[in-house]
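Participant: One file: target-v8.pdb (PDB, C-alpha atoms).
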ATOM      1  CA  MET A   1     -14.249  16.960   2.571
ATOM      2  CA  THR A   2     -10.895  18.638   1.819
ATOM      3  CA  THR A   3      -7.487  17.268   2.688
ATOM      4  CA  ASP A   4      -6.719  20.295   4.885
ATOM      5  CA  THR A   5      -8.671  18.662   7.714
ATOM      6  CA  LEU A   6      -7.498  15.083   7.063
ATOM      7  CA  PRO A   7      -3.988  13.932   8.038
ATOM      8  CA  ASP A   8      -4.584  10.463   6.550
ATOM      9  CA  PHE A   9      -6.597  10.191   3.358
ATOM     10  CA  VAL A  10      -7.041   9.024  -0.217
ATOM     11  CA  LEU A  11      -7.974  11.707  -2.754
ATOM     12  CA  PRO A  12      -9.397  10.722  -6.169
ATOM     13  CA  PHE A  13      -8.782  13.066  -9.100
ATOM     14  CA  GLU A  14      -9.154  13.272 -12.858
ATOM     15  CA  VAL A  15      -7.359  15.105 -15.659
ATOM     16  CA  LYS A  16     -10.108  14.943 -18.250
ATOM     17  CA  PRO A  17      -8.270  16.488 -21.243
ATOM     18  CA  LEU A  18      -5.590  13.803 -20.908
ATOM     19  CA  GLY A  19      -8.036  10.958 -20.271
ATOM     20  CA  VAL A  20      -6.378  10.302 -16.913
ATOM     21  CA  ARG A  21      -7.800   9.357 -13.529
ATOM     22  CA  GLY A  22      -5.827   8.858 -10.347
ATOM     23  CA  ARG A  23      -5.550   8.874  -6.586
ATOM     24  CA  ILE A  24      -3.237  10.374  -3.987
ATOM     25  CA  VAL A  25      -2.648   8.726  -0.605
ATOM     26  CA  ARG A  26      -1.179  10.560   2.365
ATOM     27  CA  LEU A  27      -0.443   8.760   5.644
ATOM     28  CA  GLY A  28       0.669  10.629   8.766
ATOM     29  CA  PRO A  29      -0.537   9.627  12.256
ATOM     30  CA  VAL A  30      -1.861   6.312  10.931
ATOM     31  CA  ILE A  31       1.483   5.058   9.598
ATOM     32  CA  ASP A  32       3.308   6.570  12.575
ATOM     33  CA  ASP A  33       0.984   4.583  14.868
ATOM     34  CA  ILE A  34       1.498   1.359  12.892
ATOM     35  CA  LEU A  35       5.288   1.637  13.003
ATOM     36  CA  ALA A  36       5.402   2.785  16.640
ATOM     37  CA  ARG A  37       3.916  -0.575  17.645
ATOM     38  CA  HIS A  38       7.051  -2.343  16.359
ATOM     39  CA  ASP A  39      10.749  -1.887  16.861
ATOM     40  CA  TYR A  40      11.692  -2.015  13.193
ATOM     41  CA  PRO A  41      14.980  -0.627  11.875
ATOM     42  CA  ALA A  42      14.484   2.439   9.679
ATOM     43  CA  PRO A  43      14.908   0.561   6.339
ATOM     44  CA  VAL A  44      12.231  -1.948   7.342
ATOM     45  CA  SER A  45       9.919   0.828   8.523
ATOM     46  CA  ALA A  46      10.331   2.644   5.210
ATOM     47  CA  LEU A  47       9.569  -0.514   3.228
ATOM     48  CA  LEU A  48       6.480  -1.309   5.293
ATOM     49  CA  ALA A  49       5.256   2.295   5.126
ATOM     50  CA  GLN A  50       5.493   2.215   1.323
ATOM     51  CA  SER A  51       3.655  -1.117   1.289
ATOM     52  CA  VAL A  52       0.786   0.255   3.387
ATOM     53  CA  ALA A  53       0.560   3.345   1.170
ATOM     54  CA  LEU A  54       0.494   1.151  -1.954
ATOM     55  CA  THR A  55      -2.184  -1.060  -0.387
ATOM     56  CA  ALA A  56      -4.354   1.958   0.417
ATOM     57  CA  LEU A  57      -3.791   3.299  -3.100
ATOM     58  CA  LEU A  58      -5.001   0.079  -4.737
ATOM     59  CA  GLY A  59      -7.528  -1.055  -2.144
ATOM     60  CA  SER A  60      -9.396   2.243  -2.105
ATOM     61  CA  ALA A  61     -10.473   1.540  -5.695
ATOM     62  CA  LEU A  62     -12.672  -1.365  -4.544
ATOM     63  CA  LYS A  63     -16.320  -0.859  -5.414
ATOM     64  CA  PHE A  64     -17.579  -3.276  -2.753
ATOM     65  CA  ASP A  65     -17.122  -4.032   0.955
ATOM     66  CA  GLY A  66     -14.119  -6.277   0.641
ATOM     67  CA  LYS A  67     -10.437  -6.513   1.391
ATOM     68  CA  PHE A  68      -7.251  -5.898  -0.608
ATOM     69  CA  ILE A  69      -4.170  -7.780   0.635
ATOM     70  CA  LEU A  70      -0.589  -7.155  -0.415
ATOM     71  CA  GLN A  71       2.059  -9.698   0.611
ATOM     72  CA  SER A  72       5.678 -10.201  -0.348
ATOM     73  CA  LYS A  73       7.578 -13.443   0.194
ATOM     74  CA  THR A  74      11.257 -13.311  -0.638
ATOM     75  CA  ASP A  75      14.714 -14.607   0.284
ATOM     76  CA  GLY A  76      16.021 -11.167   1.266
ATOM     77  CA  PRO A  77      16.673  -9.691   4.719
ATOM     78  CA  VAL A  78      13.039  -8.524   4.785
ATOM     79  CA  SER A  79      11.503 -11.903   4.035
ATOM     80  CA  MET A  80       7.852 -10.885   4.310
ATOM     81  CA  VAL A  81       5.737  -7.759   4.241
ATOM     82  CA  VAL A  82       1.972  -7.914   4.681
ATOM     83  CA  ALA A  83      -0.444  -5.003   4.405
ATOM     84  CA  ASP A  84      -4.168  -4.949   3.889
ATOM     85  CA  TYR A  85      -6.957  -2.492   3.231
ATOM     86  CA  VAL A  86     -10.437  -3.268   4.547
ATOM     87  CA  ALA A  87     -13.309  -1.246   3.124
ATOM     88  CA  PRO A  88     -14.298   1.427   3.742
ATOM     89  CA  ASN A  89     -11.083   2.890   5.177
ATOM     90  CA  GLY A  90      -8.969   0.540   7.333
ATOM     91  CA  VAL A  91      -5.256  -0.173   6.837
ATOM     92  CA  ARG A  92      -2.661  -2.187   8.743
ATOM     93  CA  GLY A  93       0.715  -3.817   8.108
ATOM     94  CA  THR A  94       3.517  -5.965   9.488
ATOM     95  CA  ALA A  95       6.941  -7.195   8.395
ATOM     96  CA  ARG A  96       9.399  -9.977   9.152
ATOM     97  CA  PHE A  97      13.127  -9.411   8.843
ATOM     98  CA  ASP A  98      16.482 -10.888   9.745
ATOM     99  CA  SER A  99      17.540  -9.079  12.897
ATOM    100  CA  GLN A 100      21.156 -10.237  12.376
ATOM    101  CA  ALA A 101      21.450  -8.783   8.867
ATOM    102  CA  GLU A 102      23.077  -5.460   8.094
ATOM    103  CA  LEU A 103      20.209  -3.395   6.668
ATOM    104  CA  SER A 104      21.555   0.153   6.527
ATOM    105  CA  GLY A 105      22.656   1.299   3.109
ATOM    106  CA  ARG A 106      20.670  -1.366   1.258
ATOM    107  CA  ASP A 107      18.214  -0.248  -1.364
ATOM    108  CA  GLU A 108      14.682  -1.581  -1.685
ATOM    109  CA  LYS A 109      15.606  -4.381  -4.108
ATOM    110  CA  ALA A 110      18.414  -5.605  -1.837
ATOM    111  CA  LEU A 111      16.131  -5.585   1.210
ATOM    112  CA  LEU A 112      13.471  -7.637  -0.539
ATOM    113  CA  GLY A 113      15.628 -10.047  -2.514
ATOM    114  CA  ALA A 114      14.155 -12.550  -4.969
ATOM    115  CA  GLY A 115      10.634 -13.840  -4.580
ATOM    116  CA  TYR A 116       7.170 -12.603  -5.380
ATOM    117  CA  LEU A 117       4.568 -10.001  -4.556
ATOM    118  CA  ALA A 118       0.980 -11.246  -4.296
ATOM    119  CA  MET A 119      -1.993  -8.888  -4.522
ATOM    120  CA  THR A 120      -5.304 -10.408  -3.491
ATOM    121  CA  VAL A 121      -8.842  -9.064  -3.794
ATOM    122  CA  ASP A 122     -11.149 -10.695  -1.247
ATOM    123  CA  GLN A 123     -14.807  -9.964  -1.998
ATOM    124  CA  GLY A 124     -16.134 -11.852   1.024
ATOM    125  CA  PRO A 125     -16.924 -15.455   2.019
ATOM    126  CA  ASP A 126     -19.505 -15.949  -0.742
ATOM    127  CA  MET A 127     -17.287 -14.742  -3.579
ATOM    128  CA  GLU A 128     -14.175 -16.147  -5.227
ATOM    129  CA  ARG A 129     -10.860 -14.488  -4.412
ATOM    130  CA  TYR A 130      -8.824 -12.936  -7.197
ATOM    131  CA  GLN A 131      -5.040 -12.946  -6.909
ATOM    132  CA  GLY A 132      -2.260 -11.552  -9.060
ATOM    133  CA  ILE A 133       1.378 -12.575  -8.514
ATOM    134  CA  VAL A 134       4.390 -10.719  -9.896
ATOM    135  CA  PRO A 135       8.102 -11.410  -9.379
ATOM    136  CA  LEU A 136      10.400  -9.453  -7.092
ATOM    137  CA  GLY A 137      14.169  -9.371  -7.275
ATOM    138  CA  ASP A 138      14.773  -6.932 -10.086
ATOM    139  CA  ASN A 139      11.613  -4.979  -9.215
ATOM    140  CA  THR A 140      10.805  -2.418  -6.559
ATOM    141  CA  LEU A 141       7.294  -2.372  -5.091
ATOM    142  CA  ALA A 142       6.253   0.333  -7.548
ATOM    143  CA  GLU A 143       7.723  -1.560 -10.509
ATOM    144  CA  ALA A 144       5.979  -4.760  -9.389
ATOM    145  CA  ALA A 145       2.688  -2.850  -9.257
ATOM    146  CA  HIS A 146       3.293  -1.611 -12.815
ATOM    147  CA  THR A 147       3.799  -5.215 -13.905
ATOM    148  CA  TYR A 148       0.598  -6.238 -12.123
ATOM    149  CA  PHE A 149      -1.471  -3.677 -13.981
ATOM    150  CA  ARG A 150       0.163  -4.424 -17.309
ATOM    151  CA  GLN A 151      -0.409  -8.176 -17.017
ATOM    152  CA  SER A 152      -3.672  -8.385 -15.068
ATOM    153  CA  GLU A 153      -5.616  -5.218 -15.811
ATOM    154  CA  GLN A 154      -4.034  -4.105 -19.099
ATOM    155  CA  ILE A 155      -4.560  -0.507 -18.009
ATOM    156  CA  PRO A 156      -1.653   1.913 -18.594
ATOM    157  CA  THR A 157      -0.635   2.853 -15.051
ATOM    158  CA  ARG A 158       2.081   4.939 -13.403
ATOM    159  CA  LEU A 159       2.670   5.403  -9.686
ATOM    160  CA  ARG A 160       5.154   6.780  -7.202
ATOM    161  CA  LEU A 161       5.780   5.779  -3.580
ATOM    162  CA  ALA A 162       7.652   7.529  -0.783
ATOM    163  CA  ALA A 163       8.126   7.107   2.962
ATOM    164  CA  GLY A 164      10.332   8.539   5.669
ATOM    165  CA  PRO A 165      10.529  10.171   9.103
ATOM    166  CA  LEU A 166       9.938  13.921   9.306
ATOM    167  CA  SER A 167      10.686  16.334  12.115
ATOM    168  CA  LEU A 168       8.284  19.244  12.434
ATOM    169  CA  ARG A 169       9.075  22.614  13.951
ATOM    170  CA  GLY A 170       8.510  22.562  17.697
ATOM    171  CA  ASP A 171       8.538  18.753  17.884
ATOM    172  CA  LYS A 172      11.870  17.048  18.564
ATOM    173  CA  ALA A 173      10.555  13.579  17.766
ATOM    174  CA  ALA A 174      10.598  12.299  14.191
ATOM    175  CA  HIS A 175       7.260  11.043  12.910
ATOM    176  CA  TRP A 176       6.873   8.660   9.987
ATOM    177  CA  ARG A 177       4.914   9.618   6.910
ATOM    178  CA  ALA A 178       4.111   7.843   3.651
ATOM    179  CA  GLY A 179       2.703   9.031   0.351
ATOM    180  CA  ALA A 180       1.683   7.597  -2.991
ATOM    181  CA  ILE A 181       0.235   8.838  -6.251
ATOM    182  CA  LEU A 182      -1.200   6.836  -9.136
ATOM    183  CA  ILE A 183      -2.480   7.727 -12.581
ATOM    184  CA  GLN A 184      -4.222   5.511 -15.133
ATOM    185  CA  HIS A 185      -5.182   6.153 -18.719
ATOM    186  CA  LEU A 186      -8.711   5.173 -19.647
ATOM    187  CA  PRO A 187     -10.227   4.322 -23.027
ATOM    188  CA  ARG A 188     -11.952   7.195 -24.731
ATOM    189  CA  GLU A 189     -15.411   6.799 -26.171
ATOM    190  CA  GLY A 190     -15.394   5.082 -29.519
ATOM    191  CA  GLY A 191     -13.267   2.009 -28.830
ATOM    192  CA  VAL A 192      -9.894   0.805 -27.686
ATOM    193  CA  SER A 193      -7.975   2.434 -30.519
ATOM    194  CA  ALA A 194      -8.034   5.703 -28.585
ATOM    195  CA  ILE A 195      -6.149   4.258 -25.598
ATOM    196  CA  PRO A 196      -2.653   5.733 -25.362
ATOM    197  CA  HIS A 197       0.083   3.355 -24.245
ATOM    198  CA  SER A 198       3.684   3.841 -23.286
ATOM    199  CA  SER A 199       6.409   1.482 -24.431
ATOM    200  CA  GLY A 200       5.987  -1.785 -22.574
ATOM    201  CA  ASP A 201       2.370  -1.009 -21.643
ATOM    202  CA  VAL A 202       0.758  -2.125 -24.890
ATOM    203  CA  PRO A 203      -1.560  -5.153 -24.540
ATOM    204  CA  GLU A 204      -0.831  -7.918 -27.012
ATOM    205  CA  GLY A 205      -2.415  -7.295 -30.392
ATOM    206  CA  MET A 206      -2.866  -3.559 -29.888
ATOM    207  CA  GLU A 207      -0.749  -1.305 -32.077
ATOM    208  CA  GLU A 208       0.818   1.873 -30.837
ATOM    209  CA  THR A 209       0.998   5.102 -32.816
ATOM    210  CA  VAL A 210       2.450   8.497 -31.998
ATOM    211  CA  SER A 211      -0.966  10.173 -32.219
ATOM    212  CA  GLU A 212      -2.444   7.704 -29.710
ATOM    213  CA  HIS A 213       0.043   7.994 -26.899
ATOM    214  CA  ASP A 214       0.774  11.739 -26.703
ATOM    215  CA  ASP A 215      -1.612  12.462 -23.816
ATOM    216  CA  TRP A 216      -0.432   9.480 -21.797
ATOM    217  CA  VAL A 217       3.239  10.295 -22.353
ATOM    218  CA  LYS A 218       2.596  13.846 -21.164
ATOM    219  CA  ALA A 219       0.738  12.651 -18.060
ATOM    220  CA  LYS A 220       3.541  10.233 -17.196
ATOM    221  CA  LEU A 221       6.329  12.764 -17.724
ATOM    222  CA  LEU A 222       4.599  15.202 -15.407
ATOM    223  CA  LEU A 223       4.072  12.535 -12.749
ATOM    224  CA  ASP A 224       7.731  11.553 -12.941
ATOM    225  CA  THR A 225       8.682  15.069 -11.793
ATOM    226  CA  VAL A 226       7.130  14.423  -8.365
ATOM    227  CA  GLU A 227       9.794  14.307  -5.653
ATOM    228  CA  ASP A 228       9.598  12.272  -2.464
ATOM    229  CA  HIS A 229       9.329  15.319  -0.228
ATOM    230  CA  GLU A 230       6.278  16.509  -2.173
ATOM    231  CA  LEU A 231       4.459  13.293  -1.328
ATOM    232  CA  LEU A 232       5.416  13.561   2.349
ATOM    233  CA  ASP A 233       5.355  17.282   3.172
ATOM    234  CA  PRO A 234       2.304  18.001   5.392
ATOM    235  CA  THR A 235       2.524  21.710   4.526
ATOM    236  CA  LEU A 236       1.944  20.956   0.825
ATOM    237  CA  SER A 237      -1.658  19.926   0.294
ATOM    238  CA  ALA A 238      -2.562  17.226  -2.199
ATOM    239  CA  GLU A 239      -4.614  19.766  -4.133
ATOM    240  CA  GLU A 240      -1.579  22.049  -4.438
ATOM    241  CA  LEU A 241       0.567  19.168  -5.646
ATOM    242  CA  LEU A 242      -1.997  18.244  -8.312
ATOM    243  CA  TYR A 243      -2.205  21.873  -9.410
ATOM    244  CA  ARG A 244       1.587  21.961  -9.805
ATOM    245  CA  LEU A 245       1.425  18.884 -12.013
ATOM    246  CA  TYR A 246      -1.656  19.316 -14.162
ATOM    247  CA  HIS A 247      -2.853  22.938 -13.999
ATOM    248  CA  GLU A 248      -2.120  23.377 -17.711
ATOM    249  CA  ASP A 249      -4.792  20.833 -18.638
ATOM    250  CA  GLY A 250      -7.026  21.284 -15.617
ATOM    251  CA  VAL A 251      -7.437  18.766 -12.812
ATOM    252  CA  THR A 252     -10.694  17.843 -11.066
ATOM    253  CA  VAL A 253     -10.544  16.564  -7.481
ATOM    254  CA  TYR A 254     -13.288  14.552  -5.830
ATOM    255  CA  PRO A 255     -14.125  14.236  -2.127
ATOM    256  CA  ALA A 256     -11.317  12.769  -0.055
ATOM    257  CA  ALA A 257     -11.869   9.697   2.105
ATOM    258  CA  GLN A 258     -10.285   9.378   5.528
ATOM    259  CA  LEU A 259      -8.007   6.431   6.313
ATOM    260  CA  ALA A 260      -7.640   4.802   9.733
ATOM    261  CA  ARG A 261      -5.585   2.067  11.349
ATOM    262  CA  HIS A 262      -7.551  -1.120  11.952
ATOM    263  CA  CYS A 263      -6.880  -4.576  13.355
ATOM    264  CA  THR A 264      -9.080  -7.633  13.507
ATOM    265  CA  CYS A 265      -7.572  -9.102  16.672
ATOM    266  CA  SER A 266      -9.462  -9.292  19.980
ATOM    267  CA  ALA A 267      -9.360 -11.391  23.148
ATOM    268  CA  GLU A 268     -12.360 -13.333  21.877
ATOM    269  CA  THR A 269     -10.885 -14.163  18.457
ATOM    270  CA  VAL A 270      -7.545 -15.212  19.974
ATOM    271  CA  GLU A 271      -9.294 -17.382  22.569
ATOM    272  CA  ASN A 272     -11.367 -19.068  19.871
ATOM    273  CA  MET A 273      -8.218 -19.667  17.862
ATOM    274  CA  LEU A 274      -6.535 -21.325  20.862
ATOM    275  CA  ARG A 275      -9.591 -23.515  21.444
ATOM    276  CA  GLY A 276      -9.002 -24.930  17.980
ATOM    277  CA  PHE A 277      -5.783 -26.560  19.230
ATOM    278  CA  SER A 278      -5.694 -29.836  21.110
ATOM    279  CA  ALA A 279      -5.182 -29.856  24.886
ATOM    280  CA  ASP A 280      -1.663 -31.236  24.387
ATOM    281  CA  ASP A 281      -0.800 -28.449  21.924
ATOM    282  CA  ARG A 282      -2.073 -25.803  24.332
ATOM    283  CA  ALA A 283      -0.094 -27.381  27.152
ATOM    284  CA  GLY A 284       3.042 -26.925  25.072
ATOM    285  CA  MET A 285       2.269 -23.211  24.735
ATOM    286  CA  VAL A 286       2.234 -22.564  28.501
ATOM    287  CA  GLU A 287       5.089 -20.434  29.813
ATOM    288  CA  ASP A 288       5.243 -19.304  33.439
ATOM    289  CA  GLY A 289       1.728 -20.533  33.963
ATOM    290  CA  ALA A 290       0.142 -18.654  31.055
ATOM    291  CA  ILE A 291      -0.431 -18.806  27.305
ATOM    292  CA  ASN A 292       0.662 -15.507  25.783
ATOM    293  CA  VAL A 293      -0.203 -14.442  22.237
ATOM    294  CA  THR A 294       0.972 -11.227  20.578
ATOM    295  CA  CYS A 295      -0.740  -9.868  17.471
ATOM    296  CA  GLU A 296       1.782  -9.492  14.648
ATOM    297  CA  PHE A 297      -0.026  -6.442  13.271
ATOM    298  CA  CYS A 298      -0.716  -4.261  16.318
ATOM    299  CA  SER A 299       1.559  -5.915  18.951
ATOM    300  CA  THR A 300      -1.324  -6.224  21.413
ATOM    301  CA  ARG A 301      -0.528  -8.969  23.936
ATOM    302  CA  TYR A 302      -3.210 -11.393  25.091
ATOM    303  CA  SER A 303      -2.696 -13.651  28.108
ATOM    304  CA  PHE A 304      -4.741 -16.727  29.058
ATOM    305  CA  THR A 305      -4.538 -19.267  31.860
ATOM    306  CA  PRO A 306      -4.802 -23.010  31.128
ATOM    307  CA  ALA A 307      -7.876 -23.133  33.386
ATOM    308  CA  GLN A 308      -9.804 -21.025  30.845
ATOM    309  CA  PHE A 309      -9.728 -23.968  28.447
ATOM    310  CA  ALA A 310     -10.538 -26.700  30.974
TER     311      ALA A 310
END
I'd like the structure from this file rewritten - as structure tokens, please.
Facilitator:
Amino acid sequence: MTTDTLPDFVLPFEVKPLGVRGRIVRLGPVIDDILARHDYPAPVSALLAQSVALTALLGSALKFDGKFILQSKTDGPVSMVVADYVAPNGVRGTARFDSQAELSGRDEKALLGAGYLAMTVDQGPDMERYQGIVPLGDNTLAEAAHTYFRQSEQIPTRLRLAAGPLSLRGDKAAHWRAGAILIQHLPREGGVSAIPHSSGDVPEGMEETVSEHDDWVKAKLLLDTVEDHELLDPTLSAEELLYRLYHEDGVTVYPAAQLARHCTCSAETVENMLRGFSADDRAGMVEDGAINVTCEFCSTRYSFTPAQFA
């Protein structure tokens, strides 16, 4: 399946001569749908769109039917961002922010403030969760992800994130898009001494030499030339972007996987949740004769009468 027929997808690729594997994520209608369900200011929308793209980028690497959850908790104007990826292809996201704060003109670090970014791998009810936590404050989302891989996975990793509204010819409305690209350097056959590492990416106890890191440095320098508009432009295919970057060494692309918006809420799950409260607690939730619950992810509103719980 090529990306020409998929507006929302993750595309795995490999640059074998450089010992590099990677993935590209493109989100169009899916992220536009997610953001259209909320009335977020543009800076919050951009931050959430990047978070969903990052979640899809990392979650799509799962080799089992599980869930990848990304959550920030900080003291900044955007105090929380939550996004998750549910295998095989579902993404969603939500954010909380200070509606009284002045958000325009603030960069990503100022919007987030100090706190942490937690990345959780949930393998199901019968398996133990794995969670990595990295600090935010002096880190962007991409920089926090680099720290996560350096500390938790010890795999040399580089990624780029972008998000923004685009206006297409013939359509007056602006539609949100998000994009992400990640590369990782893998050990070559024969042991760990062949793993190239950039400065700051060297696991403790592993020495770095010029001959070891040449391929990885080249791969990173080429990735760093990617501009935001190249990750977002729907007229530039992911295959064309990869060719621009790595045609000199040759890049192999694998079948793309479609991404879709998902949500786990339903009238039944919300009703069961309300039944878990005491009668007095439910009575305190009644407004104008009804108990109303709105899903934070998809903004779907569910309404119940007290008589349903009698």
Participant: Hey, what comes out of the PyMOL selection byres ((chain A and resi 110) around 10) on this file? Could you write it as a ChimeraX atom specification?
Facilitator: /A:75-78,103,105-109,111-114,137-138,140
Participant: For this structure, which residues satisfy the selection - the PyMOL selection byres ((chain A and resi 274) around 12) - when it is evaluated on the file as given? I want them as a list in words.
Facilitator: Ala267, Glu268, Thr269, Val270, Glu271, Asn272, Met273, Arg275, Gly276, Phe277, Ser278, Ala279, Asp280, Asp281, Arg282, Ala283, Gly284, Met285, Val286, Ile291, Asn292, Val293, Tyr302, Ser303, Phe304, Thr305, Pro306, Gln308 and Phe309 of chain A
Participant: Which residue, A:Val253, A:Cys295, A:Ala95, A:Ala290, has the smallest gap to Val10 (chain A) when you use all atoms listed in the file?
Facilitator: A:Val253
Participant: Hey, which of A:Glu143, A:Glu248, A:Asp65, A:Asp39 ends up closest to Phe97 (chain A)? Count only C-alpha atoms.
Facilitator: A:Asp39
Participant: What's the 12 Å shell around Met127 (chain A), counting only C-alpha atoms, without same-chain residues fewer than 5 positions away, as a PyMOL selection string?
Facilitator: chain A and resi 64-67+121-122
Participant: Measuring between only C-alpha atoms, which one of A:Thr55, A:Thr74, A:Gln258, A:Ser237 shows the shortest distance to Asn139 (chain A)?
Facilitator: A:Thr74
Participant: For Thr264 (chain A), work out the shell of residues within 12 Å, counting all atoms listed in the file and skipping chain neighbours fewer than 3 positions away, then give it as JSON, numbers by chain.
Facilitator: {"A": [84, 85, 86, 90, 91, 92, 93, 261, 267, 268, 269, 270, 295, 296, 297, 298, 300]}
Participant: What does the structure give for the distance between CA of Val81 (chain A) and CA of Ile69 (chain A), in Å to one decimal?
Facilitator: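 A separation of 10.5 Å between them.
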Participant: Between CA of Pro156 (chain A) and CA of Gln184 (chain A), what distance in Å does the model show, to one decimal?
Facilitator: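 Taking CA of Pro156 (chain A) as the start and CA of Gln184 (chain A) as the end point, the length is 5.6 Å.
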Participant: Pick the closest to Val15 (chain A) from A:Leu222, A:Ala310, A:Ala256, A:Ala101: which is it, counting only C-alpha atoms?
Facilitator: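 Nearest candidate to Val15 (chain A) out of A:Leu222, A:Ala310, A:Ala256, A:Ala101: A:Leu222.
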Participant: Which of these residues is nearest to Tyr246 (chain A), using only C-alpha atoms: A:Glu230, A:Asp214, A:Asp32, A:Glu14?
Facilitator: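 Checking each of A:Glu230, A:Asp214, A:Asp32, A:Glu14 against Tyr246 (chain A), counting only C-alpha atoms, the winner is A:Glu14.
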Participant: So how far away is CA of Arg23 (chain A) from CA of Trp216 (chain A), in Å?
Facilitator: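 CA of Arg23 (chain A) lies 16.1 Å from CA of Trp216 (chain A).
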Participant: I'd like the residues picked by the PyMOL selection byres ((chain A and resi 133) around 10) written out as a ChimeraX atom specification, using the chain letters and numbers from the file.
Facilitator: /A:70-72,116-120,131-132,134-136,144-145,147-148,151-152
Participant: Between A:Asp33, A:Arg96, A:Pro125, A:Glu102, which one has atoms that come closest to Lys73 (chain A), using all atoms listed in the file?
Facilitator: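 Of A:Asp33, A:Arg96, A:Pro125, A:Glu102, the one nearest Lys73 (chain A), counting all atoms listed in the file, is A:Arg96.
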Participant: List every residue of region 86-199 of chain A that has an atom at most 6 Å from any atom of region 24-27 of chain A, and for each one report the closest atom pair and its distance in Å to one decimal, counting all atoms listed in the file, with rows sorted by chain and then by increasing residue number, as a tab-separated table.
Facilitator:
residue	atom	partner	partner_atom	distance
A:Arg177	CA	A:Leu27	CA	5.6
A:Ala178	CA	A:Leu27	CA	5.1
A:Gly179	CA	A:Arg26	CA	4.6
A:Ala180	CA	A:Val25	CA	5.1
A:Ile181	CA	A:Ile24	CA	4.4
Participant: Since we have the selection now, will you write its residues out, keeping C-alpha atoms, as an mmCIF file, keeping the file's coordinate frame?
Facilitator:
data_model
loop_
_atom_site.group_PDB
_atom_site.id
_atom_site.type_symbol
_atom_site.label_atom_id
_atom_site.label_comp_id
_atom_site.auth_asym_id
_atom_site.auth_seq_id
_atom_site.Cartn_x
_atom_site.Cartn_y
_atom_site.Cartn_z
ATOM 1 C CA ARG A 177 4.914 9.618 6.910
ATOM 2 C CA ALA A 178 4.111 7.843 3.651
ATOM 3 C CA GLY A 179 2.703 9.031 0.351
ATOM 4 C CA ALA A 180 1.683 7.597 -2.991
ATOM 5 C CA ILE A 181 0.235 8.838 -6.251
#
Participant: For the point (-5.6, 11.7, -23.4) in the file's frame, write as a PyMOL selection string all residues with an atom no more than 6 Å away, counting all atoms listed in the file.
Facilitator: chain A and resi 17-19+215-216
